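K.L.:
I'd like to ask some things about the structure below.
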Amino acid sequence: MTPGPQSCGPKNAAPDVPNLGLVRPPLVYLISLGIGALIQLATPLPFLPRTLAVPLGASLVVVAIGLFAYSVGKFRAAGTPVPARKPTTVIVRTGPYRFSRNPIYLAFSLLQLGIAIWVNSLWLLATLVGAVALIHYVVIPREEQYLERTFGAHYLDYKASVRRWL
């Protein structure tokens, strides 16, 4: 873990948080799943043999849930909030954060990938591509700017030493 935020500005100023606007990561993936499911219901488009789809997809879902729980647990153990609407208090560098700066987003992506494989839906894969692009090009850059403002060199060192996804 890295020391807490650098103090800057008046003490009564509102806490600095990433400006995500309407692009909330859980909503991005939920909407992506919903759109993919609706398209799948209207025009089913399987891509794998059923004998492979169920065990592979179910396994990925389990891995995604485990990664999510482990990642959230590391945030909580460090005393920093998980939701991006609250100020980050420390840079977590343990557990999955040693390998990925965004293991929660990786878990969300693996969850949708696992569901897509499990239900054998090419549409869920297609909408996953859109969700990942939105997270990669909109959400993560905003969060990185916030973390650079808040933690300065401590975050830049972490950013230089750990990959964004995996």
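Please note that chains go A, B, ... in the order of the structure tokens, that every chain numbers its residues from 1, and that ligands are numbered from 1 in the order shown.
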Quick one: everything within 9 Å of range 62-66 of chain A, counting only C-alpha atoms, minus sequence neighbours fewer than 5 positions away in the same chain. Send it as number ranges by chain.
P.N.:
A: 57, 71, 104, 106-112, 114
K.L.:
Expressed in Å to a single decimal, how great is the separation between CA of Arg24 in chain A and CA of Val139 in chain A?
P.N.:
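Separation between CA of Arg24 in chain A and CA of Val139 in chain A: 7.8 Å.
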K.L.:
Taking only C-alpha atoms into account, which of A:Ala69, A:Val138, A:Ala133, A:Ile91 comes nearest Ala153 in chain A?
P.N.:
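Going through A:Ala69, A:Val138, A:Ala133, A:Ile91 one by one, the smallest distance to Ala153 in chain A is for A:Ile91.
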K.L.:
Report as a tab-separated table the residues of range 67-123 of chain A within 9 Å of range 27-51 of chain A, each with its shortest atom pair and distance in Å (one decimal), using only C-alpha atoms, ordered by chain and increasing residue number.
P.N.:
residue	atom	partner	partner_atom	distance
A:Phe108	CA	A:Tyr29	CA	6.9
A:Ser109	CA	A:Tyr29	CA	7.7
A:Gln112	CA	A:Leu33	CA	6.9
A:Ile115	CA	A:Leu33	CA	8.9
A:Ala116	CA	A:Leu33	CA	8.8
A:Ile117	CA	A:Leu48	CA	7.6
A:Trp118	CA	A:Arg50	CA	8.4
A:Val119	CA	A:Pro46	CA	8.2
A:Asn120	CA	A:Pro46	CA	4.9
A:Ser121	CA	A:Pro46	CA	5.0
A:Leu122	CA	A:Leu45	CA	5.6
A:Trp123	CA	A:Gly36	CA	5.0
K.L.:
Give me a file of those residues, with C-alpha atoms, as a PDB file, in the first residue's frame.
P.N.:
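The result, written out as selection.pdb:
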ATOM      1  CA  PHE A 108     -16.366  -7.967 -14.623  1.00  0.00           C
ATOM      2  CA  SER A 109     -15.017  -8.778 -18.087  1.00  0.00           C
ATOM      3  CA  GLN A 112     -19.417 -11.550 -18.946  1.00  0.00           C
ATOM      4  CA  ILE A 115     -21.670 -16.046 -19.132  1.00  0.00           C
ATOM      5  CA  ALA A 116     -21.333 -15.607 -22.911  1.00  0.00           C
ATOM      6  CA  ILE A 117     -19.566 -18.957 -23.194  1.00  0.00           C
ATOM      7  CA  TRP A 118     -21.882 -20.695 -20.703  1.00  0.00           C
ATOM      8  CA  VAL A 119     -25.055 -19.649 -22.562  1.00  0.00           C
ATOM      9  CA  ASN A 120     -23.231 -19.935 -25.895  1.00  0.00           C
ATOM     10  CA  SER A 121     -23.981 -16.413 -27.124  1.00  0.00           C
ATOM     11  CA  LEU A 122     -21.834 -14.668 -29.679  1.00  0.00           C
ATOM     12  CA  TRP A 123     -23.941 -11.552 -29.019  1.00  0.00           C
TER      13      TRP A 123
END
K.L.:
Going by DSSP on the backbone, which residues of range 42-133 of chain A come out as alpha helix (DSSP H)? List them as number ranges by chain.
P.N.:
A: 42, 50-78, 103-118, 122-133
K.L.:
Could you write out the selected residues, including C-alpha atoms, as a JSON list (two decimals), in the first residue's frame?
P.N.:
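Output (part_16.json):
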[["chain", "number", "residue", "atom", "x", "y", "z"],
["A", 42, "ALA", "CA", -34.28, -12.29, -30.76],
["A", 50, "ARG", "CA", -22.66, -27.34, -25.83],
["A", 51, "THR", "CA", -20.37, -29.94, -24.27],
["A", 52, "LEU", "CA", -17.56, -27.37, -24.19],
["A", 53, "ALA", "CA", -19.62, -24.24, -23.51],
["A", 54, "VAL", "CA", -21.11, -25.16, -20.13],
["A", 55, "PRO", "CA", -18.00, -26.37, -18.26],
["A", 56, "LEU", "CA", -15.73, -23.67, -19.72],
["A", 57, "GLY", "CA", -18.23, -20.85, -19.14],
["A", 58, "ALA", "CA", -19.11, -21.99, -15.61],
["A", 59, "SER", "CA", -15.41, -22.20, -14.74],
["A", 60, "LEU", "CA", -14.79, -18.65, -15.95],
["A", 61, "VAL", "CA", -17.76, -17.38, -13.93],
["A", 62, "VAL", "CA", -16.32, -18.98, -10.78],
["A", 63, "VAL", "CA", -12.87, -17.48, -11.48],
["A", 64, "ALA", "CA", -14.44, -14.04, -12.07],
["A", 65, "ILE", "CA", -16.39, -14.16, -8.81],
["A", 66, "GLY", "CA", -13.28, -15.24, -6.93],
["A", 67, "LEU", "CA", -11.15, -12.48, -8.47],
["A", 68, "PHE", "CA", -13.81, -9.89, -7.68],
["A", 69, "ALA", "CA", -14.17, -11.00, -4.06],
["A", 70, "TYR", "CA", -10.39, -11.12, -3.56],
["A", 71, "SER", "CA", -9.91, -7.67, -5.12],
["A", 72, "VAL", "CA", -12.68, -6.06, -3.06],
["A", 73, "GLY", "CA", -11.29, -7.76, 0.05],
["A", 74, "LYS", "CA", -7.87, -6.19, -0.55],
["A", 75, "PHE", "CA", -9.46, -2.73, -0.90],
["A", 76, "ARG", "CA", -11.43, -3.19, 2.31],
["A", 77, "ALA", "CA", -8.40, -4.54, 4.19],
["A", 78, "ALA", "CA", -6.49, -1.41, 3.13],
["A", 103, "PRO", "CA", -8.58, -6.53, -11.33],
["A", 104, "ILE", "CA", -12.20, -5.61, -10.57],
["A", 105, "TYR", "CA", -12.77, -4.55, -14.19],
["A", 106, "LEU", "CA", -10.95, -7.71, -15.26],
["A", 107, "ALA", "CA", -13.34, -9.71, -13.06],
["A", 108, "PHE", "CA", -16.37, -7.97, -14.62],
["A", 109, "SER", "CA", -15.02, -8.78, -18.09],
["A", 110, "LEU", "CA", -14.30, -12.41, -17.19],
["A", 111, "LEU", "CA", -17.79, -12.70, -15.72],
["A", 112, "GLN", "CA", -19.42, -11.55, -18.95],
["A", 113, "LEU", "CA", -17.07, -13.74, -20.99],
["A", 114, "GLY", "CA", -17.94, -16.71, -18.82],
["A", 115, "ILE", "CA", -21.67, -16.05, -19.13],
["A", 116, "ALA", "CA", -21.33, -15.61, -22.91],
["A", 117, "ILE", "CA", -19.57, -18.96, -23.19],
["A", 118, "TRP", "CA", -21.88, -20.69, -20.70],
["A", 122, "LEU", "CA", -21.83, -14.67, -29.68],
["A", 123, "TRP", "CA", -23.94, -11.55, -29.02],
["A", 124, "LEU", "CA", -22.77, -11.40, -25.40],
["A", 125, "LEU", "CA", -19.19, -11.57, -26.68],
["A", 126, "ALA", "CA", -19.87, -8.75, -29.11],
["A", 127, "THR", "CA", -21.38, -6.50, -26.45],
["A", 128, "LEU", "CA", -18.46, -7.36, -24.14],
["A", 129, "VAL", "CA", -16.11, -5.83, -26.70],
["A", 130, "GLY", "CA", -18.05, -2.56, -26.46],
["A", 131, "ALA", "CA", -18.04, -2.63, -22.65],
["A", 132, "VAL", "CA", -14.29, -3.27, -22.47],
["A", 133, "ALA", "CA", -13.64, -0.46, -24.96]]
K.L.:
Restrict the calculation to only C-alpha atoms, then for each residue of range 39-105 of chain A with any atom at most 10 Å from an atom of range 143-151 of chain A give the closest atom pair and their distance in Å to one decimal, rows by chain and rising residue number, as a tab-separated table.
P.N.:
residue	atom	partner	partner_atom	distance
A:Ala84	CA	A:Glu143	CA	8.1
A:Pro87	CA	A:Thr150	CA	9.3
A:Thr88	CA	A:Leu147	CA	8.0
A:Thr89	CA	A:Thr150	CA	8.9
A:Val90	CA	A:Phe151	CA	8.2
A:Ile91	CA	A:Phe151	CA	8.1
A:Arg101	CA	A:Glu144	CA	9.8
K.L.:
Counting only C-alpha atoms, figure out which residue out of A:Val23, A:Ile140, A:Ser161, A:Tyr155 gets nearest to Phe99 in chain A.
P.N.:
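Result for the nearest residue to Phe99 in chain A: A:Ser161.
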K.L.:
Between CA of Ile135 in chain A and CA of Ser100 in chain A, what is the distance, to one decimal in Å?
P.N.:
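For CA of Ile135 in chain A relative to CA of Ser100 in chain A, the distance reads 14.5 Å.
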